[in-house]
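Structure file start_21.pdb (PDB, C-alpha atoms) follows.
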```pdb
ATOM      1  CA  ASP H   1     -10.666  16.282 -25.668  1.00  0.00           C
ATOM      2  CA  LEU H   2      -9.343  13.680 -28.087  1.00  0.00           C
ATOM      3  CA  ASP H   3      -8.951  16.148 -30.942  1.00  0.00           C
ATOM      4  CA  GLY H   4      -6.869  18.457 -28.782  1.00  0.00           C
ATOM      5  CA  ALA H   5      -4.797  15.528 -27.578  1.00  0.00           C
ATOM      6  CA  GLU H   6      -4.178  14.412 -31.151  1.00  0.00           C
ATOM      7  CA  VAL H   7      -2.809  17.841 -32.116  1.00  0.00           C
ATOM      8  CA  LEU H   8      -0.362  17.748 -29.211  1.00  0.00           C
ATOM      9  CA  LEU H   9       0.729  14.155 -29.766  1.00  0.00           C
ATOM     10  CA  ARG H  10       1.334  14.784 -33.469  1.00  0.00           C
ATOM     11  CA  GLU H  11       3.417  17.848 -32.588  1.00  0.00           C
ATOM     12  CA  ALA H  12       5.470  15.851 -30.088  1.00  0.00           C
ATOM     13  CA  LEU H  13       6.027  12.996 -32.518  1.00  0.00           C
ATOM     14  CA  LYS H  14       7.070  15.311 -35.338  1.00  0.00           C
ATOM     15  CA  GLY H  15       9.586  17.037 -33.082  1.00  0.00           C
ATOM     16  CA  GLN H  16      11.008  13.763 -31.796  1.00  0.00           C
ATOM     17  CA  ARG H  17      11.397  12.357 -35.302  1.00  0.00           C
ATOM     18  CA  GLU H  18      13.337  15.483 -36.275  1.00  0.00           C
ATOM     19  CA  THR H  19      15.550  15.735 -33.192  1.00  0.00           C
ATOM     20  CA  LEU H  20      15.924  12.148 -31.957  1.00  0.00           C
ATOM     21  CA  GLY H  21      15.263  10.065 -35.050  1.00  0.00           C
ATOM     22  CA  ASP H  22      12.660   7.469 -35.955  1.00  0.00           C
ATOM     23  CA  ARG H  23      14.207   4.693 -33.833  1.00  0.00           C
ATOM     24  CA  HIS H  24      14.734   6.505 -30.534  1.00  0.00           C
ATOM     25  CA  GLN H  25      12.760   5.029 -27.636  1.00  0.00           C
ATOM     26  CA  TYR H  26      11.028   8.334 -26.895  1.00  0.00           C
ATOM     27  CA  THR H  27       9.940   8.484 -30.539  1.00  0.00           C
ATOM     28  CA  LEU H  28       8.623   4.932 -30.404  1.00  0.00           C
ATOM     29  CA  GLN H  29       6.687   5.712 -27.235  1.00  0.00           C
ATOM     30  CA  SER H  30       5.132   8.724 -28.953  1.00  0.00           C
ATOM     31  CA  ILE H  31       4.222   6.587 -31.956  1.00  0.00           C
ATOM     32  CA  ASN H  32       2.503   4.121 -29.618  1.00  0.00           C
ATOM     33  CA  ASN H  33       0.731   6.919 -27.745  1.00  0.00           C
ATOM     34  CA  LEU H  34      -0.604   8.451 -30.940  1.00  0.00           C
ATOM     35  CA  GLY H  35      -1.644   5.031 -32.219  1.00  0.00           C
ATOM     36  CA  SER H  36      -3.546   4.374 -28.997  1.00  0.00           C
ATOM     37  CA  LEU H  37      -5.296   7.711 -29.318  1.00  0.00           C
ATOM     38  CA  LEU H  38      -6.303   7.056 -32.923  1.00  0.00           C
ATOM     39  CA  ARG H  39      -7.629   3.653 -31.852  1.00  0.00           C
ATOM     40  CA  ALA H  40      -9.734   5.366 -29.182  1.00  0.00           C
ATOM     41  CA  LYS H  41     -11.039   7.795 -31.821  1.00  0.00           C
ATOM     42  CA  GLY H  42     -11.991   4.915 -34.126  1.00  0.00           C
ATOM     43  CA  ASP H  43      -9.289   5.568 -36.746  1.00  0.00           C
ATOM     44  CA  LEU H  44      -8.185   1.942 -36.824  1.00  0.00           C
ATOM     45  CA  ASP H  45      -6.314   2.230 -40.115  1.00  0.00           C
ATOM     46  CA  GLY H  46      -4.291   5.182 -38.872  1.00  0.00           C
ATOM     47  CA  ALA H  47      -3.589   3.384 -35.614  1.00  0.00           C
ATOM     48  CA  ALA H  48      -2.552   0.214 -37.449  1.00  0.00           C
ATOM     49  CA  ALA H  49       0.027   2.092 -39.511  1.00  0.00           C
ATOM     50  CA  LEU H  50       1.595   3.554 -36.367  1.00  0.00           C
ATOM     51  CA  PHE H  51       1.558   0.313 -34.392  1.00  0.00           C
ATOM     52  CA  ARG H  52       3.065  -1.558 -37.328  1.00  0.00           C
ATOM     53  CA  GLU H  53       5.891   0.994 -37.510  1.00  0.00           C
ATOM     54  CA  ALA H  54       6.460   0.875 -33.750  1.00  0.00           C
ATOM     55  CA  VAL H  55       6.626  -2.934 -33.657  1.00  0.00           C
ATOM     56  CA  ALA H  56       9.065  -3.107 -36.567  1.00  0.00           C
ATOM     57  CA  ALA H  57      11.304  -0.404 -35.101  1.00  0.00           C
ATOM     58  CA  SER H  58      11.268  -1.939 -31.629  1.00  0.00           C
ATOM     59  CA  ARG H  59      12.139  -5.373 -33.016  1.00  0.00           C
ATOM     60  CA  GLU H  60      15.054  -3.765 -34.838  1.00  0.00           C
ATOM     61  CA  THR H  61      16.408  -1.692 -31.959  1.00  0.00           C
ATOM     62  CA  LEU H  62      15.500  -3.654 -28.823  1.00  0.00           C
ATOM     63  CA  GLY H  63      14.925  -7.180 -30.081  1.00  0.00           C
ATOM     64  CA  ASP H  64      11.936  -9.494 -30.280  1.00  0.00           C
ATOM     65  CA  ARG H  65      11.933 -10.393 -26.576  1.00  0.00           C
ATOM     66  CA  HIS H  66      12.289  -6.957 -24.986  1.00  0.00           C
ATOM     67  CA  PRO H  67       9.330  -6.063 -22.722  1.00  0.00           C
ATOM     68  CA  ARG H  68       8.646  -2.863 -24.689  1.00  0.00           C
ATOM     69  CA  THR H  69       8.575  -4.803 -27.950  1.00  0.00           C
ATOM     70  CA  LEU H  70       6.198  -7.344 -26.453  1.00  0.00           C
ATOM     71  CA  SER H  71       3.926  -4.581 -25.175  1.00  0.00           C
ATOM     72  CA  LEU H  72       3.794  -3.080 -28.667  1.00  0.00           C
ATOM     73  CA  ILE H  73       3.080  -6.507 -30.178  1.00  0.00           C
ATOM     74  CA  ASN H  74       0.196  -6.910 -27.739  1.00  0.00           C
ATOM     75  CA  ASN H  75      -1.211  -3.509 -28.675  1.00  0.00           C
ATOM     76  CA  PHE H  76      -0.916  -4.221 -32.390  1.00  0.00           C
ATOM     77  CA  GLY H  77      -2.525  -7.639 -32.002  1.00  0.00           C
ATOM     78  CA  ALA H  78      -5.445  -6.169 -30.066  1.00  0.00           C
ATOM     79  CA  LEU H  79      -5.892  -3.539 -32.759  1.00  0.00           C
ATOM     80  CA  LEU H  80      -5.957  -6.138 -35.534  1.00  0.00           C
ATOM     81  CA  ARG H  81      -8.615  -7.953 -33.524  1.00  0.00           C
ATOM     82  CA  ASP H  82     -10.658  -4.752 -33.427  1.00  0.00           C
ATOM     83  CA  LYS H  83     -10.213  -4.397 -37.197  1.00  0.00           C
ATOM     84  CA  GLY H  84     -11.539  -7.919 -37.743  1.00  0.00           C
ATOM     85  CA  ASP H  85      -8.193  -9.409 -38.826  1.00  0.00           C
ATOM     86  CA  LEU H  86      -8.480 -12.275 -36.379  1.00  0.00           C
ATOM     87  CA  ASP H  87      -5.868 -14.456 -38.045  1.00  0.00           C
ATOM     88  CA  GLY H  88      -3.299 -11.664 -38.096  1.00  0.00           C
ATOM     89  CA  ALA H  89      -4.093 -10.848 -34.498  1.00  0.00           C
ATOM     90  CA  ALA H  90      -3.709 -14.495 -33.491  1.00  0.00           C
ATOM     91  CA  VAL H  91      -0.164 -14.652 -34.877  1.00  0.00           C
ATOM     92  CA  LEU H  92       0.920 -11.609 -32.871  1.00  0.00           C
ATOM     93  CA  LEU H  93      -0.870 -12.498 -29.648  1.00  0.00           C
ATOM     94  CA  ARG H  94       0.437 -16.071 -29.665  1.00  0.00           C
ATOM     95  CA  GLU H  95       3.934 -14.673 -30.131  1.00  0.00           C
ATOM     96  CA  ALA H  96       3.395 -12.297 -27.210  1.00  0.00           C
ATOM     97  CA  VAL H  97       2.183 -15.082 -24.923  1.00  0.00           C
ATOM     98  CA  ALA H  98       5.072 -17.403 -25.791  1.00  0.00           C
ATOM     99  CA  ALA H  99       7.664 -14.650 -25.416  1.00  0.00           C
ATOM    100  CA  THR H 100       6.355 -13.257 -22.131  1.00  0.00           C
ATOM    101  CA  ARG H 101       6.157 -16.739 -20.635  1.00  0.00           C
ATOM    102  CA  GLU H 102       9.748 -17.340 -21.711  1.00  0.00           C
ATOM    103  CA  THR H 103      11.220 -14.027 -20.571  1.00  0.00           C
ATOM    104  CA  LEU H 104       9.028 -12.911 -17.671  1.00  0.00           C
ATOM    105  CA  GLY H 105       7.497 -16.119 -16.340  1.00  0.00           C
ATOM    106  CA  ASP H 106       3.966 -17.467 -16.188  1.00  0.00           C
ATOM    107  CA  LEU H 107       2.813 -15.237 -13.336  1.00  0.00           C
ATOM    108  CA  HIS H 108       4.129 -11.862 -14.452  1.00  0.00           C
ATOM    109  CA  PRO H 109       1.377  -9.248 -14.996  1.00  0.00           C
ATOM    110  CA  ASP H 110       2.507  -8.691 -18.600  1.00  0.00           C
ATOM    111  CA  THR H 111       2.273 -12.424 -19.262  1.00  0.00           C
ATOM    112  CA  LEU H 112      -1.220 -12.567 -17.802  1.00  0.00           C
ATOM    113  CA  PHE H 113      -2.237  -9.544 -19.873  1.00  0.00           C
ATOM    114  CA  SER H 114      -0.980 -11.319 -23.001  1.00  0.00           C
ATOM    115  CA  ILE H 115      -2.826 -14.514 -22.103  1.00  0.00           C
ATOM    116  CA  ALA H 116      -6.025 -12.577 -21.435  1.00  0.00           C
ATOM    117  CA  ASN H 117      -5.725 -10.799 -24.792  1.00  0.00           C
ATOM    118  CA  LEU H 118      -5.271 -14.107 -26.603  1.00  0.00           C
ATOM    119  CA  GLY H 119      -8.253 -15.545 -24.739  1.00  0.00           C
ATOM    120  CA  VAL H 120     -10.475 -12.678 -25.891  1.00  0.00           C
ATOM    121  CA  LEU H 121      -9.291 -13.271 -29.446  1.00  0.00           C
ATOM    122  CA  LEU H 122     -10.073 -16.987 -29.309  1.00  0.00           C
ATOM    123  CA  TRP H 123     -13.495 -16.097 -27.909  1.00  0.00           C
ATOM    124  CA  SER H 124     -14.040 -13.781 -30.876  1.00  0.00           C
ATOM    125  CA  LYS H 125     -12.974 -16.569 -33.259  1.00  0.00           C
ATOM    126  CA  GLY H 126     -15.505 -18.950 -31.680  1.00  0.00           C
ATOM    127  CA  ASP H 127     -12.898 -21.170 -30.012  1.00  0.00           C
ATOM    128  CA  LEU H 128     -14.711 -21.244 -26.695  1.00  0.00           C
ATOM    129  CA  ASP H 129     -12.797 -24.212 -25.320  1.00  0.00           C
ATOM    130  CA  GLY H 130      -9.458 -22.566 -26.037  1.00  0.00           C
ATOM    131  CA  ALA H 131     -10.668 -19.274 -24.605  1.00  0.00           C
ATOM    132  CA  ALA H 132     -11.983 -20.976 -21.456  1.00  0.00           C
ATOM    133  CA  ALA H 133      -8.665 -22.749 -20.897  1.00  0.00           C
ATOM    134  CA  LEU H 134      -6.795 -19.440 -21.074  1.00  0.00           C
ATOM    135  CA  GLY H 135      -9.418 -17.759 -18.908  1.00  0.00           C
ATOM    136  CA  ARG H 136      -8.892 -20.351 -16.193  1.00  0.00           C
ATOM    137  CA  VAL H 137      -5.119 -19.917 -16.386  1.00  0.00           C
ATOM    138  CA  THR H 138      -5.424 -16.150 -16.073  1.00  0.00           C
ATOM    139  CA  LEU H 139      -7.867 -16.337 -13.180  1.00  0.00           C
ATOM    140  CA  ALA H 140      -5.822 -18.885 -11.227  1.00  0.00           C
ATOM    141  CA  ALA H 141      -2.649 -16.827 -11.667  1.00  0.00           C
ATOM    142  CA  ARG H 142      -4.326 -13.581 -10.654  1.00  0.00           C
ATOM    143  CA  ARG H 143      -5.835 -15.195  -7.562  1.00  0.00           C
ATOM    144  CA  GLU H 144      -2.359 -16.417  -6.642  1.00  0.00           C
ATOM    145  CA  THR H 145      -0.466 -13.190  -7.334  1.00  0.00           C
ATOM    146  CA  LEU H 146      -3.029 -10.449  -6.701  1.00  0.00           C
ATOM    147  CA  GLY H 147      -5.574 -12.041  -4.396  1.00  0.00           C
ATOM    148  CA  ASP H 148      -9.265 -12.819  -4.763  1.00  0.00           C
ATOM    149  CA  ARG H 149     -10.428  -9.217  -4.412  1.00  0.00           C
ATOM    150  CA  HIS H 150      -8.087  -7.350  -6.748  1.00  0.00           C
ATOM    151  CA  PRO H 151      -9.915  -5.520  -9.578  1.00  0.00           C
ATOM    152  CA  ASP H 152      -7.975  -7.474 -12.224  1.00  0.00           C
ATOM    153  CA  THR H 153      -8.981 -10.724 -10.531  1.00  0.00           C
ATOM    154  CA  LEU H 154     -12.618  -9.623 -10.441  1.00  0.00           C
ATOM    155  CA  ASN H 155     -12.521  -8.852 -14.146  1.00  0.00           C
ATOM    156  CA  SER H 156     -11.113 -12.311 -14.810  1.00  0.00           C
ATOM    157  CA  ILE H 157     -13.860 -13.902 -12.693  1.00  0.00           C
ATOM    158  CA  ASN H 158     -16.527 -11.966 -14.587  1.00  0.00           C
ATOM    159  CA  ASN H 159     -15.005 -12.727 -17.985  1.00  0.00           C
ATOM    160  CA  LEU H 160     -14.778 -16.443 -17.259  1.00  0.00           C
ATOM    161  CA  GLY H 161     -18.384 -16.401 -16.083  1.00  0.00           C
ATOM    162  CA  GLN H 162     -19.512 -14.758 -19.312  1.00  0.00           C
ATOM    163  CA  LEU H 163     -17.499 -17.243 -21.348  1.00  0.00           C
ATOM    164  CA  LEU H 164     -18.970 -20.220 -19.502  1.00  0.00           C
ATOM    165  CA  LYS H 165     -22.401 -18.771 -20.188  1.00  0.00           C
ATOM    166  CA  ASP H 166     -21.612 -18.681 -23.913  1.00  0.00           C
ATOM    167  CA  LYS H 167     -20.421 -22.300 -23.684  1.00  0.00           C
ATOM    168  CA  GLY H 168     -23.777 -23.277 -22.171  1.00  0.00           C
ATOM    169  CA  ASP H 169     -22.365 -24.048 -18.705  1.00  0.00           C
ATOM    170  CA  LEU H 170     -24.922 -21.946 -16.888  1.00  0.00           C
ATOM    171  CA  ASP H 171     -24.213 -23.412 -13.457  1.00  0.00           C
ATOM    172  CA  GLY H 172     -20.498 -22.720 -13.801  1.00  0.00           C
ATOM    173  CA  ALA H 173     -21.280 -19.250 -15.065  1.00  0.00           C
ATOM    174  CA  GLU H 174     -23.598 -18.585 -12.135  1.00  0.00           C
ATOM    175  CA  ALA H 175     -20.918 -19.490  -9.597  1.00  0.00           C
ATOM    176  CA  ARG H 176     -18.394 -17.124 -11.182  1.00  0.00           C
ATOM    177  CA  LEU H 177     -20.781 -14.226 -11.720  1.00  0.00           C
ATOM    178  CA  ARG H 178     -22.222 -14.537  -8.229  1.00  0.00           C
ATOM    179  CA  GLU H 179     -18.685 -14.334  -6.854  1.00  0.00           C
ATOM    180  CA  ALA H 180     -17.899 -11.287  -9.010  1.00  0.00           C
ATOM    181  CA  VAL H 181     -20.968  -9.445  -7.738  1.00  0.00           C
ATOM    182  CA  ALA H 182     -20.286 -10.250  -4.079  1.00  0.00           C
ATOM    183  CA  ALA H 183     -16.622  -9.287  -4.330  1.00  0.00           C
ATOM    184  CA  GLY H 184     -17.409  -6.153  -6.291  1.00  0.00           C
ATOM    185  CA  ARG H 185     -19.896  -5.009  -3.667  1.00  0.00           C
ATOM    186  CA  GLU H 186     -17.391  -5.732  -0.892  1.00  0.00           C
ATOM    187  CA  THR H 187     -14.297  -4.123  -2.411  1.00  0.00           C
ATOM    188  CA  LEU H 188     -15.567  -1.489  -4.841  1.00  0.00           C
ATOM    189  CA  GLY H 189     -18.991  -0.618  -3.479  1.00  0.00           C
ATOM    190  CA  ASP H 190     -22.529  -1.078  -4.769  1.00  0.00           C
ATOM    191  CA  GLN H 191     -22.424   1.903  -7.120  1.00  0.00           C
ATOM    192  CA  HIS H 192     -19.028   1.346  -8.724  1.00  0.00           C
ATOM    193  CA  PRO H 193     -19.288   0.966 -12.523  1.00  0.00           C
ATOM    194  CA  SER H 194     -17.564  -2.420 -12.425  1.00  0.00           C
ATOM    195  CA  THR H 195     -19.911  -3.691  -9.713  1.00  0.00           C
ATOM    196  CA  LEU H 196     -22.918  -2.517 -11.702  1.00  0.00           C
ATOM    197  CA  PHE H 197     -21.527  -4.260 -14.780  1.00  0.00           C
ATOM    198  CA  TYR H 198     -21.158  -7.507 -12.827  1.00  0.00           C
ATOM    199  CA  ILE H 199     -24.692  -7.132 -11.453  1.00  0.00           C
ATOM    200  CA  THR H 200     -26.075  -6.660 -14.946  1.00  0.00           C
ATOM    201  CA  ASN H 201     -24.269  -9.755 -16.219  1.00  0.00           C
ATOM    202  CA  PHE H 202     -25.454 -11.831 -13.266  1.00  0.00           C
ATOM    203  CA  GLY H 203     -29.027 -10.634 -13.619  1.00  0.00           C
ATOM    204  CA  THR H 204     -29.027 -11.456 -17.322  1.00  0.00           C
ATOM    205  CA  LEU H 205     -27.746 -14.942 -16.575  1.00  0.00           C
ATOM    206  CA  LEU H 206     -30.444 -15.597 -13.973  1.00  0.00           C
ATOM    207  CA  LYS H 207     -33.046 -14.423 -16.495  1.00  0.00           C
ATOM    208  CA  ASP H 208     -31.661 -16.828 -19.090  1.00  0.00           C
ATOM    209  CA  LYS H 209     -31.725 -19.674 -16.594  1.00  0.00           C
ATOM    210  CA  GLY H 210     -35.391 -18.961 -15.894  1.00  0.00           C
TER     211      GLY H 210
END
```
Before anything else, please render the file you have as structure tokens.
Amino acid sequence: DLDGAEVLLREALKGQRETLGDRHQYTLQSINNLGSLLRAKGDLDGAAALFREAVAASRETLGDRHPRTLSLINNFGALLRDKGDLDGAAVLLREAVAATRETLGDLHPDTLFSIANLGVLLWSKGDLDGAAALGRVTLAARRETLGDRHPDTLNSINNLGQLLKDKGDLDGAEARLREAVAAGRETLGDQHPSTLFYITNFGTLLKDKG
């Protein structure tokens, strides 16, 4: 019930602004929560206004390199991507990647999330080589830190397979998508939505290969 959730989140945010102030961390979390809800409802302009406020306030109160600030930057960058502002999104997502690498390290889950977000953006911009390079980095790091069968790793395998397909590397794509299907069946089950998604992608690839 997104409409019901919006009423409650707006009530919470209003109360926190009045009692805690606009820069309190609970207020900023509520701003982010409401922005995420509006994004889910398709109100991208409303979400953008909230994310922009949250990023600015978090920079001011916590600093540019704080994990919460970087999470908000990631969210705002992803939203700008959804809005079609690919250049604006690129600035934010590149900042997030550089900052998370610097502060958290190359293998931290937040760093990998930032890298994956930037890769999706580059894919959207048509920079398939850049996207593939980031996809390989993300996949290698998730294999190392999470293992070959973790759901996040499987998503990275599938995404890289789809990207290689778009690049025209159908053999490379087949290897990745075949692995995603086999691992999905083994760890999630044949009827899991992710497994079915991988199966669909693999089947489409085999059709395209003839």
**Message:** If the PyMOL selection byres ((chain H and resi 5) around 12) were run on this exact file, what residues would it hold? Put them as a ChimeraX atom specification.
**Reply:** /H:1-4,6-12,33-38,40-41
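Counting from atom CA of Ala131 of chain H, the distance to atom CA of His192 of chain H is 27.3 Å.
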**Request:** Fewer than 4 positions away in the same chain doesn't count, so skip those; otherwise give me all residues within 9 Å of segment 63-78 of chain H, counting all atoms listed in the file, as a VMD selection string.
**Result:** chain H and resid 32 36 47 to 48 51 to 52 54 to 59 82 to 83 86 88 to 93 95 to 97 99 to 100 102 to 104 110 113 to 114 117 to 118 121
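The space separating atom CA of Leu139 of chain H from atom CA of Leu154 of chain H comes to 8.7 Å.
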So that all listed atoms of segment 99-105 of chain H fit with 6 Å spare on each side, what axis-aligned box centre and edge lengths in Å, to one decimal, would you give as AutoDock Vina command-line options?
```
--center_x 8.7 --center_y -15.1 --center_z -20.9 --size_x 17.1 --size_y 16.4 --size_z 21.1
```
**Fill in**
One decimal place gives the atom CA of Arg185 of chain H-atom CA of Pro151 of chain H separation as 11.6 Å
**Prompt:** What do you get, as a PyMOL selection string, if you spell out every residue that the PyMOL selection byres ((chain H and resi 136) around 12) selects here?
**Reply:** chain H and resi 112+115-116+119+129-135+137-143+153+156-161+163-164+176
**Request:** Using only C-alpha atoms, determine which residues lie at most 10 Å from Asp22 of chain H, disregarding the query and same-chain residues fewer than 6 positions distant; provide the list as number ranges by chain.
**Result:** H: 13-14, 16, 28, 31, 53-54, 57
